[in-house]
Amino acid sequence: MEKKRAKNNRTLTVEPDEIERLQRLITPAEQLTVGLDFDNRIIQGDLLCVLDRIPDGVADLIIIDPPYNLSKNFHGLNFQARSHDAYLAYLRSWFHRVCAKLKPAGSLYLCGDWRCTAALQTVMSEELTVLNRITWQREKGKGAMHNWKNGMEDIWFGVKDARHYYFDVEAVKQKRRVIAPYRQNGKPKDWVETSEGNFRLTYPSNFWDDISVPFWSMPENTDHPTQKPEKLYAKLILASSREGDLVFDPFLGSGTAAVVAKKLNRRYLGVELNGEYCLWAAKRLCLAEQDASIQGYVDGVFWERNTLAVQRSHTALPDEE
C-alpha cells in the first residue's frame with residue numbers, strides 16, 4: 001500500500017510518469033561494454049557480476065556502505081545476520097576486488113557499526129594501510145531495555161600508499177560555538193564575533209557529533225532504511241578528493257555518494273542492485289542540478305549542529321522531530 005504522508009513531509013518519491021525518464025539515466029549491468037565511459041554513471045546490477053567490467057584504478061576515492069551484520073529488508077532484498085567468520089567471508093568476496101578499482105594514491109572509507117567493525121578493520125588491513133577510525137554520532141535510534149542505546153557508527157579510513165595520498169584538512173574545518181570566549185588585549189583570541197554568536201574554526205577530529213540523520217522534513221530524505229546523510233559524505237569527499245576526481249560507491253543505495261559528489265563538482269560511479277533505489281538516486285541527481293546545497297555546510301564551512309540560522313529556515317532541527 002502507498003504510504004500516506006503528512007503535508008509537510010519532504011521525503012523523496014518517484015511518480016509513475018517519471019520512471020521512463022529516470023531509467024534513461026541508469027545503465028543495466030548487461031549493457032556494460034568494453035570501452036564504456038564510466039564517468040557519472042549509475043549501474044544497476046549485482047556487484048559481483050559488475051566488478052570485472054569496471055576498469056582497475058579508475059577511482060580517486062571509494063566510499064563503501066555495505067550491509068552491516070544485521071538482518072535487514074532492503075525493500076524486498078533481504079540480508080541475513082551471520083556469524084563473525086561468515087560475515088568476514090562475505091566481505092572478502094568483494095572487498096579486495098573493489099580495492100583494485102582504486103588509484104595508487106587513492107583513499108577508501110568503509111562504514112559499519114559496533115557489531116561488524118572488527119571485521120571491517122580486518123579486511124581493510126589485508127589490503128590497505130588503515131589510517132584512522134571515524135566515529136560519528138547518530139542522534140536517532142530506538143532505546144534498549146537491556147543494553148546501551150546504539151548511538152554511534154564507525155567509518156574506517158584507509159589508503160593504498162601511506163606516503164602518497166590526498167587529504168585537505170582546510171576543506172573540512174568545523175565552525176563551533178565559543179561558550180567561554182577568551183580575549184587577549186581586549187580582542188578575541190582564536191575566535192570571531194558574528195551576528196549569530198561567537199565562533200571559531202576548529203580542526204576536525206575522528207569523532208563527529210554534528211551529523212543529522214535524514215528525516216521526513218529534510219529534502220534529502222528517502223525511504224531507504226539505512227540512508228547516510230549528505231553532510232557525512234561531504235566531509236569524506238572534500239577531505240579525500242579534488243574537484244574533478246571520481247568517487248566510486250559499490251553499494252550506492254539511494255545515491256548519497258553520487259549526489260554529494262555531483263554537488264561538490266566531482267565525478268561519480270555507483271553500483272546498486274535494487275531498481276527502486278536506482279530511481280531514487282537518479283531523481284536526486286536531477287534535483288542536485290537545481291539545488292546543490294548540503295544541510296549544515298554553508299560557504300565552505302561545516303557548522304556545528306543547531307548553530308546555523310540558515311538551517312532553521314530550510315528544515316526543522318533534529319531535536320524538533
# chains A, B, ... in the order shown; residues from 1 in each chain; ligands from 1
>>> residues_around(residues="A:Pro214", least_positions_apart="6", cutoff="9 Å", atoms="only C-alpha atoms", output="VMD selection string")
chain A and resid 220 to 222 227 to 230 318
>>> write_last_selection(atoms="N, CA and C atoms", output="PDB file, in the first residue's frame")
ATOM      1  N   GLU A 220      16.538  15.786   1.454  1.00  0.00           N
ATOM      2  CA  GLU A 220      17.413  14.682   1.040  1.00  0.00           C
ATOM      3  C   GLU A 220      16.874  13.329   1.490  1.00  0.00           C
ATOM      4  N   ASN A 221      15.841  13.312   2.303  1.00  0.00           N
ATOM      5  CA  ASN A 221      15.351  12.065   2.883  1.00  0.00           C
ATOM      6  C   ASN A 221      14.685  11.168   1.841  1.00  0.00           C
ATOM      7  N   THR A 222      14.941   9.861   1.946  1.00  0.00           N
ATOM      8  CA  THR A 222      14.253   8.851   1.147  1.00  0.00           C
ATOM      9  C   THR A 222      13.739   7.771   2.097  1.00  0.00           C
ATOM     10  N   GLN A 227      19.913   5.066   5.027  1.00  0.00           N
ATOM     11  CA  GLN A 227      20.466   6.174   4.242  1.00  0.00           C
ATOM     12  C   GLN A 227      21.480   6.971   5.051  1.00  0.00           C
ATOM     13  N   LYS A 228      22.603   7.295   4.413  1.00  0.00           N
ATOM     14  CA  LYS A 228      23.623   8.114   5.049  1.00  0.00           C
ATOM     15  C   LYS A 228      23.360   9.592   4.752  1.00  0.00           C
ATOM     16  N   PRO A 229      23.691  10.473   5.698  1.00  0.00           N
ATOM     17  CA  PRO A 229      23.468  11.918   5.494  1.00  0.00           C
ATOM     18  C   PRO A 229      24.424  12.503   4.462  1.00  0.00           C
ATOM     19  N   GLU A 230      23.959  13.476   3.710  1.00  0.00           N
ATOM     20  CA  GLU A 230      24.809  14.146   2.735  1.00  0.00           C
ATOM     21  C   GLU A 230      25.971  14.855   3.430  1.00  0.00           C
ATOM     22  N   PRO A 318      16.935  18.758  14.340  1.00  0.00           N
ATOM     23  CA  PRO A 318      16.790  17.360  14.726  1.00  0.00           C
ATOM     24  C   PRO A 318      16.037  17.135  16.035  1.00  0.00           C
TER      25      PRO A 318
END
>>> select_by_dssp(residues="stretch 90-204 of chain A", states="alpha helix (DSSP H)", output="list in words")
Tyr90, Leu91, Arg92, Phe95, His96, Arg97, Val98, Cys99, Thr117, Ala118, Ala119, Leu120, Gln121, Thr122, Val123, Met124, Ser125, Glu126 and Glu127 of chain A
>>> closest_residue(among="A:Gln295, A:Thr135, A:Thr11, A:Ser125", to="A:Ala234", atoms="only C-alpha atoms")
A:Gln295
>>> closest_residue(among="A:Thr117, A:Ala29, A:Ile62, A:Asp52", to="A:Leu269", atoms="only C-alpha atoms")
A:Ile62
>>> select_by_dssp(residues="stretch 115-272 of chain A", states="strand (DSSP E or B)", output="VMD selection string")
chain A and resid 129 to 137 152 to 159 174 to 177 183 to 184 187 to 188 192 to 194 197 to 202 207 to 208 246 to 249 267 to 272
>>> closest_residue(among="A:Phe207, A:Asp223, A:Gly106, A:Thr202", to="A:Val159", atoms="only C-alpha atoms")
A:Gly106
>>> residues_around(residues="A:Leu47", least_positions_apart="5", cutoff="8 Å", atoms="only C-alpha atoms", output="ChimeraX atom specification")
/A:94,250-251,271-273
>>> write_last_selection(atoms="C-alpha atoms", output="PDB file, in the first residue's frame")
ATOM      1  CA  TRP A  94      34.125  -8.405  -2.891  1.00  0.00           C
ATOM      2  CA  PRO A 250      29.793  -0.031  -4.911  1.00  0.00           C
ATOM      3  CA  PHE A 251      26.660  -0.088  -2.694  1.00  0.00           C
ATOM      4  CA  VAL A 271      26.549   0.234  -8.429  1.00  0.00           C
ATOM      5  CA  GLU A 272      23.177  -0.724  -6.940  1.00  0.00           C
ATOM      6  CA  LEU A 273      21.136  -3.917  -7.264  1.00  0.00           C
TER       7      LEU A 273
END
>>> residues_around(residues="A:Asp113", least_positions_apart="5", cutoff="9 Å", atoms="only C-alpha atoms", output="PDB file with C-alpha atoms, in the first residue's frame")
ATOM      1  CA  TYR A  68      26.019  -4.422   8.262  1.00  0.00           C
ATOM      2  CA  ASN A  69      25.928  -7.788  10.005  1.00  0.00           C
ATOM      3  CA  ASN A 150      23.344   2.295  19.922  1.00  0.00           C
ATOM      4  CA  MET A 152      27.321   5.645  17.117  1.00  0.00           C
ATOM      5  CA  GLU A 153      28.632   4.289  13.832  1.00  0.00           C
ATOM      6  CA  ASP A 154      32.170   3.867  12.513  1.00  0.00           C
ATOM      7  CA  ILE A 155      33.916   4.750   9.265  1.00  0.00           C
TER       8      ILE A 155
END
>>> closest_residue(among="A:His224, A:Lys175, A:Lys103, A:Lys149", to="A:Asp245", atoms="only C-alpha atoms")
A:Lys103
>>> atom_distance(atom1="atom CA of A:Leu77", atom2="atom CA of A:Lys140")
24.0 Å
>>> decode(residues="stretch 5-43 of chain A", atoms="N, CA and C atoms", output="tab-separated table (two decimals), in the first residue's frame")
chain	number	residue	atom	x	y	z
A	5	ARG	N	1.50	10.38	3.67
A	5	ARG	CA	2.49	11.25	4.27
A	5	ARG	C	1.84	12.56	4.71
A	6	ALA	N	2.43	13.14	5.74
A	6	ALA	CA	1.96	14.43	6.22
A	6	ALA	C	2.20	15.49	5.15
A	7	LYS	N	1.46	16.57	5.23
A	7	LYS	CA	1.51	17.62	4.22
A	7	LYS	C	2.91	18.19	4.07
A	8	ASN	N	3.62	18.34	5.17
A	8	ASN	CA	4.96	18.93	5.10
A	8	ASN	C	6.06	17.88	5.05
A	9	ASN	N	5.72	16.63	4.75
A	9	ASN	CA	6.71	15.57	4.60
A	9	ASN	C	7.42	15.75	3.26
A	10	ARG	N	8.75	15.89	3.30
A	10	ARG	CA	9.52	16.18	2.10
A	10	ARG	C	10.29	14.97	1.59
A	11	THR	N	9.96	13.79	2.09
A	11	THR	CA	10.64	12.57	1.65
A	11	THR	C	10.50	12.40	0.14
A	12	LEU	N	11.60	12.10	-0.52
A	12	LEU	CA	11.60	11.98	-1.97
A	12	LEU	C	10.74	10.81	-2.44
A	13	THR	N	9.98	11.04	-3.48
A	13	THR	CA	9.19	9.99	-4.12
A	13	THR	C	9.40	10.07	-5.63
A	14	VAL	N	9.19	8.96	-6.31
A	14	VAL	CA	9.24	8.91	-7.77
A	14	VAL	C	7.84	8.60	-8.28
A	15	GLU	N	7.30	9.50	-9.08
A	15	GLU	CA	5.97	9.32	-9.63
A	15	GLU	C	6.03	8.40	-10.86
A	16	PRO	N	4.93	7.69	-11.14
A	16	PRO	CA	4.93	6.78	-12.30
A	16	PRO	C	5.35	7.43	-13.61
A	17	ASP	N	4.95	8.68	-13.83
A	17	ASP	CA	5.28	9.33	-15.09
A	17	ASP	C	6.74	9.79	-15.17
A	18	GLU	N	7.50	9.62	-14.07
A	18	GLU	CA	8.92	9.98	-14.07
A	18	GLU	C	9.82	8.79	-14.37
A	19	ILE	N	9.29	7.59	-14.25
A	19	ILE	CA	10.12	6.39	-14.28
A	19	ILE	C	10.86	6.24	-15.60
A	20	GLU	N	10.18	6.40	-16.71
A	20	GLU	CA	10.82	6.20	-18.01
A	20	GLU	C	11.99	7.16	-18.21
A	21	ARG	N	11.79	8.41	-17.83
A	21	ARG	CA	12.86	9.40	-17.98
A	21	ARG	C	14.05	9.06	-17.08
A	22	LEU	N	13.78	8.68	-15.83
A	22	LEU	CA	14.85	8.38	-14.89
A	22	LEU	C	15.59	7.11	-15.28
A	23	GLN	N	14.89	6.14	-15.84
A	23	GLN	CA	15.55	4.90	-16.24
A	23	GLN	C	16.59	5.14	-17.33
A	24	ARG	N	16.44	6.20	-18.09
A	24	ARG	CA	17.43	6.52	-19.11
A	24	ARG	C	18.75	6.97	-18.50
A	25	LEU	N	18.73	7.32	-17.22
A	25	LEU	CA	19.95	7.74	-16.52
A	25	LEU	C	20.64	6.58	-15.83
A	26	ILE	N	20.08	5.39	-15.94
A	26	ILE	CA	20.58	4.19	-15.27
A	26	ILE	C	21.07	3.19	-16.31
A	27	THR	N	22.25	2.62	-16.08
A	27	THR	CA	22.81	1.64	-17.01
A	27	THR	C	22.64	0.24	-16.45
A	28	PRO	N	21.84	-0.62	-17.09
A	28	PRO	CA	21.74	-2.01	-16.65
A	28	PRO	C	23.09	-2.72	-16.81
A	29	ALA	N	23.40	-3.63	-15.90
A	29	ALA	CA	24.71	-4.29	-15.93
A	29	ALA	C	24.98	-4.98	-17.25
A	30	GLU	N	23.94	-5.53	-17.87
A	30	GLU	CA	24.13	-6.27	-19.11
A	30	GLU	C	24.52	-5.36	-20.28
A	31	GLN	N	24.40	-4.05	-20.10
A	31	GLN	CA	24.77	-3.13	-21.18
A	31	GLN	C	26.20	-2.62	-21.05
A	32	LEU	N	26.92	-3.07	-20.03
A	32	LEU	CA	28.31	-2.65	-19.87
A	32	LEU	C	29.16	-3.30	-20.95
A	33	THR	N	29.91	-2.48	-21.66
A	33	THR	CA	30.74	-2.97	-22.75
A	33	THR	C	32.16	-2.45	-22.61
A	34	VAL	N	33.09	-3.09	-23.27
A	34	VAL	CA	34.49	-2.67	-23.25
A	34	VAL	C	34.59	-1.26	-23.85
A	35	GLY	N	35.32	-0.40	-23.18
A	35	GLY	CA	35.50	0.96	-23.66
A	35	GLY	C	34.43	1.93	-23.22
A	36	LEU	N	33.46	1.47	-22.41
A	36	LEU	CA	32.39	2.35	-21.94
A	36	LEU	C	32.95	3.42	-21.01
A	37	ASP	N	32.43	4.63	-21.12
A	37	ASP	CA	32.80	5.71	-20.23
A	37	ASP	C	32.06	5.53	-18.91
A	38	PHE	N	32.80	5.39	-17.82
A	38	PHE	CA	32.19	5.15	-16.52
A	38	PHE	C	31.97	6.42	-15.71
A	39	ASP	N	32.27	7.58	-16.27
A	39	ASP	CA	32.06	8.83	-15.56
A	39	ASP	C	30.57	9.09	-15.36
A	40	ASN	N	30.20	9.50	-14.14
A	40	ASN	CA	28.84	9.94	-13.83
A	40	ASN	C	27.81	8.91	-14.28
A	41	ARG	N	27.96	7.70	-13.75
A	41	ARG	CA	27.11	6.60	-14.18
A	41	ARG	C	26.57	5.82	-12.97
A	42	ILE	N	25.27	5.53	-13.02
A	42	ILE	CA	24.63	4.61	-12.08
A	42	ILE	C	24.47	3.28	-12.80
A	43	ILE	N	25.00	2.22	-12.23
A	43	ILE	CA	24.89	0.89	-12.82
A	43	ILE	C	23.97	0.05	-11.95
